[in-house]
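A.B. asks: Dropping in structure-v6.csv, with CSV, C-alpha atoms.
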```csv
chain,number,residue,atom,x,y,z
O,15,MET,CA,75.4,111.1,102.6
O,16,LEU,CA,74.7,111.6,98.8
O,17,LEU,CA,76.0,114.6,97.0
O,18,SER,CA,74.1,116.1,94.1
O,19,ARG,CA,75.4,116.0,90.5
O,20,THR,CA,75.8,119.7,90.7
O,21,MET,CA,78.2,119.3,93.6
O,22,VAL,CA,80.1,116.6,91.6
O,23,VAL,CA,80.7,119.2,88.8
O,24,LEU,CA,81.7,121.9,91.3
O,25,LEU,CA,84.2,119.6,93.1
O,26,GLY,CA,85.8,118.8,89.7
O,27,SER,CA,89.6,118.3,89.8
O,28,GLY,CA,89.5,118.6,93.6
O,29,LEU,CA,88.5,114.9,93.8
O,30,ALA,CA,92.0,113.9,92.7
O,31,SER,CA,93.9,115.9,95.3
O,32,ALA,CA,91.6,115.8,98.4
O,33,HIS,CA,93.4,112.8,99.9
O,34,HIS,CA,94.1,111.8,103.5
O,35,MET,CA,96.2,109.6,105.8
O,36,ILE,CA,96.6,108.5,109.4
O,37,THR,CA,99.0,110.7,111.3
O,38,ASN,CA,98.5,109.7,115.0
O,39,MET,CA,97.5,107.0,117.3
O,40,ILE,CA,95.9,107.8,120.6
O,41,ILE,CA,96.1,104.9,123.1
O,42,ASN,CA,93.7,105.0,126.0
O,43,GLY,CA,93.5,108.8,125.6
O,44,VAL,CA,97.2,109.4,125.3
O,45,ASP,CA,98.4,110.8,122.0
O,46,GLN,CA,101.5,108.9,121.0
O,47,GLY,CA,102.7,111.8,118.7
O,48,MET,CA,102.8,112.6,115.0
O,49,GLY,CA,103.9,109.6,113.0
O,50,LYS,CA,105.1,107.6,116.0
O,51,CYS,CA,104.8,103.8,115.6
O,52,LEU,CA,103.3,104.3,112.2
O,53,ARG,CA,104.5,103.1,108.8
O,54,ASN,CA,103.6,106.3,107.1
O,55,ALA,CA,103.4,106.4,103.3
O,56,PRO,CA,105.4,109.2,101.5
O,57,ASN,CA,102.1,111.0,100.6
O,58,THR,CA,98.4,110.9,101.0
O,59,ASN,CA,97.7,109.2,97.7
O,60,PRO,CA,95.3,106.2,97.8
O,61,VAL,CA,96.1,102.6,96.8
O,62,VAL,CA,94.0,101.5,93.8
O,63,ASP,CA,95.5,98.1,92.9
O,64,ILE,CA,93.9,95.6,95.2
O,65,ASN,CA,96.4,92.9,94.2
O,66,SER,CA,99.4,95.0,95.3
O,67,SER,CA,101.3,94.4,98.5
O,68,ASP,CA,100.6,98.1,99.2
O,69,MET,CA,97.1,97.0,100.2
O,70,ALA,CA,98.5,95.7,103.5
O,71,CYS,CA,100.3,98.8,104.9
O,72,ASN,CA,100.4,101.3,101.9
O,73,VAL,CA,103.4,102.4,99.8
O,74,GLY,CA,106.6,101.6,101.6
O,75,GLY,CA,104.7,99.8,104.3
O,76,THR,CA,106.6,96.5,103.9
O,77,LYS,CA,109.4,98.1,105.9
O,78,GLY,CA,109.0,98.5,109.6
O,79,VAL,CA,109.8,101.6,111.7
O,80,ALA,CA,111.9,101.8,114.8
O,81,ARG,CA,109.2,102.5,117.3
O,82,VAL,CA,106.6,100.1,118.8
O,83,CYS,CA,103.8,101.3,121.0
O,84,GLU,CA,102.9,99.4,124.1
O,85,VAL,CA,99.2,98.6,124.8
O,86,ASP,CA,97.1,96.1,126.7
O,87,ALA,CA,94.5,93.8,125.2
O,88,GLY,CA,91.1,95.6,125.6
O,89,SER,CA,92.6,99.0,125.2
O,90,GLU,CA,91.0,101.8,123.1
O,91,ILE,CA,92.9,103.1,120.1
O,92,THR,CA,91.9,106.2,118.2
O,93,PHE,CA,93.4,106.9,114.7
O,94,ILE,CA,93.6,110.5,113.5
O,95,TRP,CA,93.1,111.0,109.8
O,96,ARG,CA,94.3,114.3,108.2
O,97,SER,CA,94.4,115.8,104.7
O,98,TRP,CA,97.6,117.6,105.6
O,99,PRO,CA,99.9,115.0,107.2
O,100,ASP,CA,102.0,117.6,109.1
O,101,ALA,CA,98.9,119.3,110.4
O,102,SER,CA,100.0,122.6,108.8
O,103,GLN,CA,96.4,123.1,107.8
O,104,PRO,CA,93.1,121.8,109.2
O,105,GLY,CA,91.0,119.1,107.6
O,106,SER,CA,90.5,115.4,107.9
O,107,LEU,CA,88.7,113.9,104.9
O,108,ASP,CA,87.2,115.7,101.9
O,109,VAL,CA,83.4,115.5,101.8
O,110,SER,CA,83.5,113.8,98.4
O,111,HIS,CA,85.4,110.8,99.7
O,112,GLN,CA,82.4,108.9,101.2
O,113,GLY,CA,82.6,105.3,102.0
O,114,PRO,CA,83.2,102.6,104.8
O,115,CYS,CA,86.0,102.1,107.3
O,116,ALA,CA,87.6,99.0,108.8
O,117,VAL,CA,90.4,98.0,111.2
O,118,TYR,CA,92.4,94.8,111.0
O,119,MET,CA,95.1,93.3,113.3
O,120,LYS,CA,97.8,90.8,112.5
O,121,LEU,CA,99.8,88.8,115.1
O,122,VAL,CA,103.5,88.6,114.0
O,123,SER,CA,106.7,87.3,115.6
O,124,ASP,CA,108.5,90.6,115.2
O,125,VAL,CA,106.5,93.7,114.3
O,126,ILE,CA,109.4,95.7,113.1
O,127,ALA,CA,110.7,92.9,110.8
O,128,SER,CA,107.3,91.8,109.5
O,129,PRO,CA,106.5,92.9,105.9
O,130,GLY,CA,102.8,93.0,106.7
O,131,ALA,CA,101.5,91.6,103.4
O,132,GLY,CA,100.2,88.0,103.5
O,133,ASN,CA,97.9,85.9,105.7
O,134,GLY,CA,96.7,86.5,109.2
O,135,TRP,CA,94.8,89.7,109.1
O,136,VAL,CA,91.8,89.7,111.5
O,137,LYS,CA,89.1,92.3,111.0
O,138,ILE,CA,88.2,93.7,114.5
O,139,TRP,CA,85.8,96.5,113.4
O,140,HIS,CA,84.1,98.0,110.5
O,141,ASP,CA,81.5,100.8,109.9
O,142,GLY,CA,79.6,101.3,106.7
O,143,TYR,CA,76.3,103.2,106.0
O,144,ARG,CA,74.0,103.8,109.0
O,145,ASP,CA,71.9,106.6,110.4
O,146,GLY,CA,71.8,108.2,107.0
O,147,LYS,CA,75.6,108.6,106.5
O,148,PHE,CA,78.8,106.6,105.7
O,149,CYS,CA,81.6,106.1,108.1
O,150,ALA,CA,83.6,108.8,106.2
O,151,GLN,CA,81.1,111.4,107.1
O,152,ARG,CA,81.2,110.4,110.8
O,153,LEU,CA,85.0,110.8,110.6
O,154,ILE,CA,84.6,114.3,109.2
O,155,GLU,CA,82.2,115.3,111.9
O,156,ASN,CA,84.5,113.8,114.5
O,157,GLY,CA,87.6,115.7,113.5
O,158,GLY,CA,89.1,112.7,111.7
O,159,ARG,CA,89.0,110.5,114.7
O,160,MET,CA,88.3,106.8,114.4
O,161,THR,CA,88.1,104.8,117.6
O,162,VAL,CA,88.3,101.0,118.0
O,163,THR,CA,88.9,98.5,120.9
O,164,ILE,CA,91.5,95.8,120.8
O,165,PRO,CA,89.7,92.5,121.6
O,166,ARG,CA,90.2,91.7,125.2
O,167,ASP,CA,90.7,88.0,124.5
O,168,PHE,CA,93.6,88.5,122.1
O,169,VAL,CA,96.8,86.6,123.0
O,170,GLY,CA,99.8,88.8,123.9
O,171,GLY,CA,102.5,89.5,121.3
O,172,ASP,CA,103.6,91.8,118.5
O,173,TYR,CA,100.8,93.1,116.2
O,174,LEU,CA,100.4,95.2,113.2
O,175,ILE,CA,97.2,97.2,113.3
O,176,ARG,CA,95.8,98.4,110.0
O,177,ALA,CA,93.2,101.1,109.5
O,178,GLU,CA,91.3,101.3,106.2
O,179,GLN,CA,89.0,103.9,104.7
O,180,LEU,CA,87.5,103.2,101.3
O,181,ALA,CA,86.5,106.2,99.1
O,182,LEU,CA,83.7,105.3,96.7
O,183,HIS,CA,83.4,108.5,94.6
O,184,GLN,CA,85.0,106.8,91.5
O,185,ALA,CA,84.1,103.2,92.4
O,186,GLN,CA,81.6,102.9,89.6
O,187,ASN,CA,84.6,102.0,87.4
O,188,THR,CA,86.6,98.8,88.0
O,189,GLY,CA,89.7,99.8,89.8
O,190,GLY,CA,88.3,103.2,90.7
O,191,ALA,CA,87.8,102.5,94.4
O,192,GLN,CA,90.4,104.4,96.5
O,193,TRP,CA,91.9,102.7,99.5
O,194,TYR,CA,93.4,104.9,102.2
O,195,ILE,CA,95.5,102.7,104.5
O,196,GLY,CA,97.8,103.1,107.5
O,197,CYS,CA,99.5,100.6,109.8
O,198,GLY,CA,100.7,100.9,113.3
O,199,GLN,CA,103.2,98.8,115.2
O,200,LEU,CA,102.1,97.5,118.6
O,201,THR,CA,103.2,95.1,121.4
O,202,VAL,CA,100.1,93.9,123.2
O,203,SER,CA,100.1,92.7,126.7
O,204,SER,CA,97.6,89.9,127.4
O,205,THR,CA,94.9,90.3,130.0
O,206,GLY,CA,94.4,86.6,130.2
O,207,GLY,CA,93.0,85.8,126.8
O,208,SER,CA,94.7,83.4,124.3
O,209,ALA,CA,92.7,84.0,121.2
O,210,SER,CA,94.6,83.9,117.9
O,211,PRO,CA,92.1,83.8,115.0
O,212,ALA,CA,93.3,82.7,111.6
O,213,GLY,CA,92.4,85.8,109.7
O,214,VAL,CA,92.5,86.5,105.9
O,215,PRO,CA,95.3,87.5,103.5
O,216,ILE,CA,95.9,91.1,102.5
O,217,PRO,CA,96.1,91.6,99.6
O,218,GLY,CA,93.3,89.1,98.8
O,219,HIS,CA,90.7,90.2,101.4
O,220,VAL,CA,88.6,91.9,98.7
O,221,LYS,CA,87.9,91.4,95.0
O,222,ALA,CA,87.5,94.0,92.3
O,223,ASN,CA,83.9,93.0,91.6
O,224,ASP,CA,82.7,92.8,95.2
O,225,PRO,CA,79.5,94.7,95.5
O,226,GLY,CA,81.0,97.1,98.0
O,227,VAL,CA,84.1,97.7,95.9
O,228,LEU,CA,82.6,98.1,92.4
O,229,TYR,CA,79.8,100.5,93.5
O,230,ASN,CA,78.1,103.5,91.9
O,231,TYR,CA,78.0,106.0,94.8
O,232,TRP,CA,76.4,108.8,92.8
O,233,VAL,CA,73.6,106.7,91.2
O,234,PRO,CA,73.3,103.5,93.3
O,235,SER,CA,71.2,100.6,92.1
O,236,LYS,CA,70.0,100.1,95.7
O,237,PRO,CA,69.7,102.5,98.6
O,238,HIS,CA,73.0,103.2,100.5
O,239,SER,CA,71.3,101.5,103.5
O,240,GLN,CA,71.8,98.2,101.7
O,241,TYR,CA,75.6,98.8,101.1
O,242,VAL,CA,77.7,95.7,101.8
O,243,ILE,CA,81.0,96.5,103.5
O,244,PRO,CA,83.9,94.7,101.7
O,245,GLY,CA,86.0,92.1,103.4
O,246,PRO,CA,85.2,89.5,106.1
O,247,LYS,CA,82.9,90.1,109.1
O,248,PRO,CA,84.5,91.5,112.2
O,249,TYR,CA,85.9,89.1,114.8
O,250,VAL,CA,83.6,88.6,117.8
O,251,PRO,CA,85.6,88.5,121.0
O,252,GLY,CA,85.1,85.6,123.4
O,253,ASN,CA,84.6,85.8,127.2
O,254,THR,CA,88.3,85.4,128.2
O,255,GLY,CA,90.5,88.3,129.1
O,256,GLY,CA,90.2,90.6,132.1
O,257,SER,CA,90.5,94.2,132.9
O,258,HIS,CA,94.2,94.1,133.9
O,259,PRO,CA,97.2,92.7,132.1
O,260,ILE,CA,98.8,89.5,133.3
O,261,GLU,CA,102.1,90.4,131.7
O,262,HIS,CA,104.0,93.6,130.7
O,263,ARG,CA,105.4,93.7,127.2
O,264,GLU,CA,107.8,96.6,126.7
O,265,GLU,CA,109.2,98.3,123.6
O,266,LYS,CA,112.8,97.1,123.1
O,267,GLY,CA,115.7,99.6,123.1
O,268,ASP,CA,116.9,102.6,125.1
O,269,TRP,CA,114.0,104.9,124.1
O,270,HIS,CA,113.6,106.0,127.7
O,271,LEU,CA,116.7,108.2,127.1
O,272,CYS,CA,115.0,110.3,124.4
O,273,ILE,CA,115.2,114.0,124.9
O,274,VAL,CA,113.3,115.1,121.8
O,275,GLU,CA,111.2,112.9,119.5
O,276,ASN,CA,110.1,113.2,115.9
O,277,ALA,CA,107.9,110.3,114.7
O,278,ASN,CA,110.1,107.2,115.0
O,279,TRP,CA,113.4,109.1,115.6
O,280,CYS,CA,114.6,110.5,118.9
O,281,ALA,CA,117.5,112.5,120.2
O,282,LYS,CA,119.8,111.0,122.8
O,283,PRO,CA,122.0,112.8,125.3
O,284,VAL,CA,125.4,114.0,123.9
O,285,PRO,CA,128.6,113.2,125.8
O,286,GLY,CA,130.1,115.4,128.5
O,287,PHE,CA,133.4,117.1,127.9
O,288,LYS,CA,136.6,118.2,129.7
O,289,ASN,CA,138.2,120.5,127.1
O,290,VAL,CA,137.5,122.5,124.0
O,291,ALA,CA,138.0,119.6,121.6
O,292,GLU,CA,135.6,117.4,123.5
O,293,CYS,CA,133.0,120.2,123.6
O,294,TRP,CA,133.1,120.5,119.8
O,295,ASN,CA,132.9,116.7,119.5
O,296,ALA,CA,129.8,116.7,121.7
O,297,SER,CA,128.3,119.6,119.7
O,298,GLY,CA,129.1,117.6,116.5
O,299,ASN,CA,127.2,114.6,118.0
O,300,CYS,CA,124.2,116.8,118.2
O,301,TRP,CA,124.4,117.9,114.6
O,302,THR,CA,124.9,114.3,113.5
O,303,GLN,CA,121.7,113.2,115.2
O,304,LEU,CA,120.0,116.2,113.7
O,305,ASN,CA,121.0,115.1,110.1
O,306,GLU,CA,119.5,111.7,110.8
O,307,CYS,CA,116.3,113.3,112.0
O,308,TYR,CA,115.8,115.4,108.9
O,309,ASN,CA,116.8,112.6,106.6
O,310,THR,CA,114.3,110.2,108.2
O,311,ALA,CA,111.4,112.6,108.8
O,312,PRO,CA,108.2,111.1,107.4
O,313,SER,CA,105.3,112.8,105.8
O,314,THR,CA,104.0,113.9,109.2
O,315,GLY,CA,106.8,116.5,109.3
O,316,ASN,CA,109.9,117.5,111.1
O,317,LYS,CA,108.7,119.6,114.0
O,318,GLY,CA,110.9,117.6,116.5
O,319,CYS,CA,113.9,118.0,114.2
O,320,ARG,CA,113.5,121.8,114.3
O,321,GLU,CA,113.3,121.7,118.1
O,322,TRP,CA,116.5,119.6,118.3
O,323,GLU,CA,118.2,122.0,115.8
O,324,ALA,CA,117.6,124.9,118.3
O,325,THR,CA,119.3,122.7,120.9
O,326,CYS,CA,122.3,122.1,118.6
O,327,GLU,CA,122.6,125.8,118.0
O,328,ARG,CA,122.6,126.4,121.8
O,329,TYR,CA,125.3,123.8,122.2
O,330,GLN,CA,127.4,125.3,119.5
O,331,ALA,CA,127.1,128.7,121.0
O,332,HIS,CA,128.3,127.3,124.4
O,333,CYS,CA,131.4,125.8,122.8
O,334,HIS,CA,132.2,129.2,121.2
O,335,THR,CA,131.8,130.9,124.6
O,336,CYS,CA,133.8,128.3,126.7
O,337,GLU,CA,136.5,128.3,124.1
O,338,ALA,CA,136.8,132.1,124.3
O,339,ASN,CA,136.9,131.9,128.1
O,340,ARG,CA,139.2,128.9,128.1
O,341,ASN,CA,136.9,127.0,130.4
O,342,CYS,CA,135.3,124.0,128.6
O,343,ASN,CA,134.6,121.4,131.2
O,344,GLY,CA,131.4,119.6,132.2
O,345,SER,CA,128.2,119.4,130.1
O,346,PHE,CA,125.9,121.6,128.2
O,347,PRO,CA,123.5,123.7,130.3
```
What is this structure when it is put down as structure tokens?
C.D. replies:
Amino acid sequence: MLLSRTMVVLLGSGLASAHHMITNMIINGVDQGMGKCLRNAPNTNPVVDINSSDMACNVGGTKGVARVCEVDAGSEITFIWRSWPDASQPGSLDVSHQGPCAVYMKLVSDVIASPGAGNGWVKIWHDGYRDGKFCAQRLIENGGRMTVTIPRDFVGGDYLIRAEQLALHQAQNTGGAQWYIGCGQLTVSSTGGSASPAGVPIPGHVKANDPGVLYNYWVPSKPHSQYVIPGPKPYVPGNTGGSHPIEHREEKGDWHLCIVENANWCAKPVPGFKNVAECWNASGNCWTQLNECYNTAPSTGNKGCREWEATCERYQAHCHTCEANRNCNGSFP
């Protein structure tokens, strides 16, 4: 898709603010929730320094999050891109941010502890210009959804999965290409494959003067149909791996106890009580968890925190009532 020069003028300063980020992963049709298993950046700003460690998993992306999503090799993953990370307003990508997309995966020993940056990134998919439009336009038309398949022959283990969308509207200048990046944390169960390709380093997978990075989108020297997607070619899966897992890798921890979730935080059950003091202690436990929720809420919002806050208010009211009735024994209704 090529916008006219008139539209460029009309878009004006909007080019600088019409940014986007990944907010959700959908695994085999099941939405994991806003921000869950994602190393979300603090805002939707792009990365522009291709030599920065931010190129791996965005700003703050060297630090892992608490949650890890379970998936089998060969599974389908859909990323959702949004202009408003908390989904408070509609919109995925701005029409001006045309360009290609790519997805990489990296096998690591511990996905929470891994900083992400460095060697080992394997491109599993990319999409550039075809059928008269760039990948970005297809994302817009698909409600911000970008779907890929984990190679069926990949060995089981912990992986970072990295989605990338390159906006070319300022790429005619060196350093003007805008990289929108998001990383998810996965534990992948093998379906019988043992492939572990070497991959490439990130940062380092692209150069500033690569023809697909330094590119005049508005006045291209060649038709967009000849656009060269930056980075390596995608991995071509082998014939190993079946349709069912031969192992079952699980997320570590007691996450099955979660009552309410918000991104990578969850509320756990509060203690029971036998008297007034214990009731207030249990209520206090609820508020302590709530403070952690609000303090750790990522850019995708705090909807789960607000839900838990209503629960804490209900617990508090119960303690007031049972104290007045001199009958505090049991658990919260």
A.B. asks: Could you check how far atom CA of O:Asp172 sits from atom CA of O:Ala80, in Å to one decimal?
C.D. replies: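 Result for atom CA of O:Asp172 versus atom CA of O:Ala80: 13.5 Å, one decimal.
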A.B. asks: Between atom CA of O:Pro285 and atom CA of O:Glu306, what distance in Å does the model show, to one decimal?
C.D. replies: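 Separating atom CA of O:Pro285 from atom CA of O:Glu306 is a distance of 17.6 Å.
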A.B. asks: For O:Trp279, find every residue with an atom within 9 Å (counting all atoms listed in the file), except residues of its own chain fewer than 2 positions away, and show them as a VMD selection string.
C.D. replies: chain O and resid 50 80 to 81 274 to 277 281 306 to 307 310 to 311 318
A.B. asks: Give the answer as one residue: which of O:Lys247, O:Lys77, O:Arg152, O:His183 has the shortest atom-to-atom distance to O:Arg53, using all atoms listed in the file?
C.D. replies: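 When distances to O:Arg53 are compared using all atoms listed in the file, the smallest one comes from O:Lys77.
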A.B. asks: I'd like the neighbourhood of stretch 224-238 of chain O as a PyMOL selection string, where a residue qualifies if any of its atoms comes within 7 Å (using only C-alpha atoms), though same-chain residues fewer than 4 positions away should be ignored.
C.D. replies: chain O and resi 16+143+182-183+185-188+191+220+242-244
A.B. asks: Counting all atoms listed in the file, find residues at most 8 Å from (104.2, 85.3, 119.8) (file frame) and give them as a PDB file with C-alpha atoms, in the frame of the given file.
C.D. replies:
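Result file result26.pdb:
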```pdb
ATOM      1  CA  LEU O 121      99.800  88.800 115.100  1.00  0.00           C
ATOM      2  CA  VAL O 122     103.500  88.600 114.000  1.00  0.00           C
ATOM      3  CA  SER O 123     106.700  87.300 115.600  1.00  0.00           C
ATOM      4  CA  GLY O 170      99.800  88.800 123.900  1.00  0.00           C
ATOM      5  CA  GLY O 171     102.500  89.500 121.300  1.00  0.00           C
ATOM      6  CA  ASP O 172     103.600  91.800 118.500  1.00  0.00           C
TER       7      ASP O 172
END
```
A.B. asks: List the neighbours of O:Ile164 out to 7 Å using all atoms listed in the file; skip same-chain residues closer than 3 positions along the sequence, and give me the result as a VMD selection string.
C.D. replies: chain O and resid 87 to 90
A.B. asks: If you measure from atom CA of O:Ser106 to atom CA of O:Met48, what distance in Å do you get, rounded to one decimal?
C.D. replies: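 Between these atoms lies a distance of 14.5 Å.
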A.B. asks: Go through stretch 199-286 of chain O residue by residue and, counting all atoms listed in the file, keep those with an atom at most 8 Å from stretch 63-69 of chain O; for each kept residue give the shortest atom pair and its distance in Å to one decimal, ordered by chain and increasing number, as JSON lines.
C.D. replies:
```
{"residue": "O:Ile216", "atom": "CA", "partner": "O:Met69", "partner_atom": "CA", "distance": 6.4}
{"residue": "O:Pro217", "atom": "CA", "partner": "O:Met69", "partner_atom": "CA", "distance": 5.5}
{"residue": "O:Gly218", "atom": "CA", "partner": "O:Asn65", "partner_atom": "CA", "distance": 6.7}
{"residue": "O:Val220", "atom": "CA", "partner": "O:Ile64", "partner_atom": "CA", "distance": 7.4}
{"residue": "O:Lys221", "atom": "CA", "partner": "O:Ile64", "partner_atom": "CA", "distance": 7.3}
{"residue": "O:Ala222", "atom": "CA", "partner": "O:Ile64", "partner_atom": "CA", "distance": 7.2}
```
A.B. asks: Calculated over all atoms listed in the file, which of the candidates O:Asn59, O:Asn339, O:Asn42, O:Thr161 has the smallest distance to O:Asn289?
C.D. replies: O:Asn339
A.B. asks: May I have the residues within 12 Å of O:Asn343 as a ChimeraX atom specification, using all atoms listed in the file and disregarding those fewer than 3 positions away in the same chain?
C.D. replies: /O:285-294,296,332-333,335-337,339-340,346-347
A.B. asks: Which one of O:Ile94, O:Gly142, O:Leu174, O:His33 sits closest to O:Asp124 if you count all atoms listed in the file?
C.D. replies: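 For O:Asp124, the nearest of the given residues is O:Leu174.
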A.B. asks: O:Gln192: which residues within 7 Å, counting only C-alpha atoms, same-chain residues fewer than 6 positions away excluded, as a ChimeraX atom specification?
C.D. replies: /O:60-62,180-182
A.B. asks: The residues within 10 Å of (88.3, 121.4, 109.5), using only C-alpha atoms and the coordinates of the file, should be reported as a compact mmCIF listing (two decimals) with C-alpha atoms, in the frame of the given file; which are they?
C.D. replies:
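As written to disk, out06.txt reads:
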```txt
# COMPACT_ATOMS: atom_id res chain seq x y z
CA ARG O 96 94.30 114.30 108.20
CA SER O 97 94.40 115.80 104.70
CA GLN O 103 96.40 123.10 107.80
CA PRO O 104 93.10 121.80 109.20
CA GLY O 105 91.00 119.10 107.60
CA SER O 106 90.50 115.40 107.90
CA LEU O 107 88.70 113.90 104.90
CA ASP O 108 87.20 115.70 101.90
CA ILE O 154 84.60 114.30 109.20
CA GLU O 155 82.20 115.30 111.90
CA ASN O 156 84.50 113.80 114.50
CA GLY O 157 87.60 115.70 113.50
CA GLY O 158 89.10 112.70 111.70
```
A.B. asks: For each of O:Val109, O:Ile260, O:Ala101, O:Leu304, take the minimum atom-to-atom distance to O:Gln151, counting all atoms listed in the file, then give the residue where this is smallest.
C.D. replies: O:Val109
A.B. asks: List every residue of stretch 154-233 of chain O that has an atom at most 9 Å from any atom of stretch 34-37 of chain O, and for each one report the closest atom pair and its distance in Å to one decimal, counting all atoms listed in the file, with rows sorted by chain and then by increasing residue number, as a Markdown table.
C.D. replies:
```
| residue | atom | partner | partner_atom | distance |
| --- | --- | --- | --- | --- |
| O:Gly158 | CA | O:Ile36 | CA | 8.9 |
| O:Ala177 | CA | O:Ile36 | CA | 8.1 |
| O:Tyr194 | CA | O:Met35 | CA | 6.5 |
| O:Ile195 | CA | O:Met35 | CA | 7.1 |
| O:Gly196 | CA | O:Ile36 | CA | 5.8 |
| O:Cys197 | CA | O:Ile36 | CA | 8.4 |
```
A.B. asks: Please produce a file of those selected residues containing C-alpha atoms, as a PDB file, keeping the file's coordinate frame.
C.D. replies:
```pdb
ATOM      1  CA  GLY O 158      89.100 112.700 111.700  1.00  0.00           C
ATOM      2  CA  ALA O 177      93.200 101.100 109.500  1.00  0.00           C
ATOM      3  CA  TYR O 194      93.400 104.900 102.200  1.00  0.00           C
ATOM      4  CA  ILE O 195      95.500 102.700 104.500  1.00  0.00           C
ATOM      5  CA  GLY O 196      97.800 103.100 107.500  1.00  0.00           C
ATOM      6  CA  CYS O 197      99.500 100.600 109.800  1.00  0.00           C
TER       7      CYS O 197
END
```
A.B. asks: Could you check the closest approach to O:Pro248 for each of O:Gly267, O:Gly132, O:Pro215, O:Pro165 and tell me which residue wins, using only C-alpha atoms?
C.D. replies: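 The answer is O:Pro165, which sits nearest to O:Pro248.
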A.B. asks: Have stretch 135-148 of chain O completed to N, CA, C and O atoms, please, and pass it along as a compact mmCIF listing (two decimals), keeping the file's coordinate frame.
C.D. replies:
```txt
# COMPACT_ATOMS: atom_id res chain seq x y z
N TRP O 135 95.45 88.48 108.73
CA TRP O 135 94.80 89.70 109.10
C TRP O 135 93.36 89.46 109.61
O TRP O 135 92.55 88.86 108.91
N VAL O 136 93.09 89.92 110.82
CA VAL O 136 91.80 89.70 111.50
C VAL O 136 91.06 91.05 111.54
O VAL O 136 91.56 92.01 112.13
N LYS O 137 89.89 91.11 110.93
CA LYS O 137 89.10 92.30 111.00
C LYS O 137 88.50 92.43 112.43
O LYS O 137 87.79 91.53 112.86
N ILE O 138 88.79 93.53 113.14
CA ILE O 138 88.20 93.70 114.50
C ILE O 138 87.10 94.71 114.54
O ILE O 138 86.41 94.81 115.56
N TRP O 139 86.88 95.42 113.42
CA TRP O 139 85.80 96.50 113.40
C TRP O 139 85.59 96.93 112.01
O TRP O 139 86.50 96.94 111.18
N HIS O 140 84.35 97.28 111.72
CA HIS O 140 84.10 98.00 110.50
C HIS O 140 82.83 98.87 110.69
O HIS O 140 82.05 98.68 111.62
N ASP O 141 82.66 99.83 109.79
CA ASP O 141 81.50 100.80 109.90
C ASP O 141 81.20 101.18 108.46
O ASP O 141 82.07 101.68 107.73
N GLY O 142 79.97 100.98 108.05
CA GLY O 142 79.60 101.30 106.70
C GLY O 142 78.57 102.45 106.65
O GLY O 142 78.89 103.55 107.08
N TYR O 143 77.38 102.17 106.14
CA TYR O 143 76.30 103.20 106.00
C TYR O 143 75.27 102.91 107.08
O TYR O 143 74.67 101.83 107.12
N ARG O 144 75.03 103.86 107.94
CA ARG O 144 74.00 103.80 109.00
C ARG O 144 73.58 105.16 109.39
O ARG O 144 74.34 106.12 109.25
N ASP O 145 72.39 105.26 109.89
CA ASP O 145 71.90 106.60 110.40
C ASP O 145 72.00 107.65 109.31
O ASP O 145 72.27 108.81 109.63
N GLY O 146 71.85 107.25 108.05
CA GLY O 146 71.80 108.20 107.00
C GLY O 146 73.18 108.73 106.51
O GLY O 146 73.25 109.71 105.74
N LYS O 147 74.28 108.10 106.91
CA LYS O 147 75.60 108.60 106.50
C LYS O 147 76.61 107.43 106.49
O LYS O 147 76.45 106.45 107.22
N PHE O 148 77.67 107.59 105.69
CA PHE O 148 78.80 106.60 105.70
C PHE O 148 79.75 106.95 106.80
O PHE O 148 79.76 108.04 107.37
```
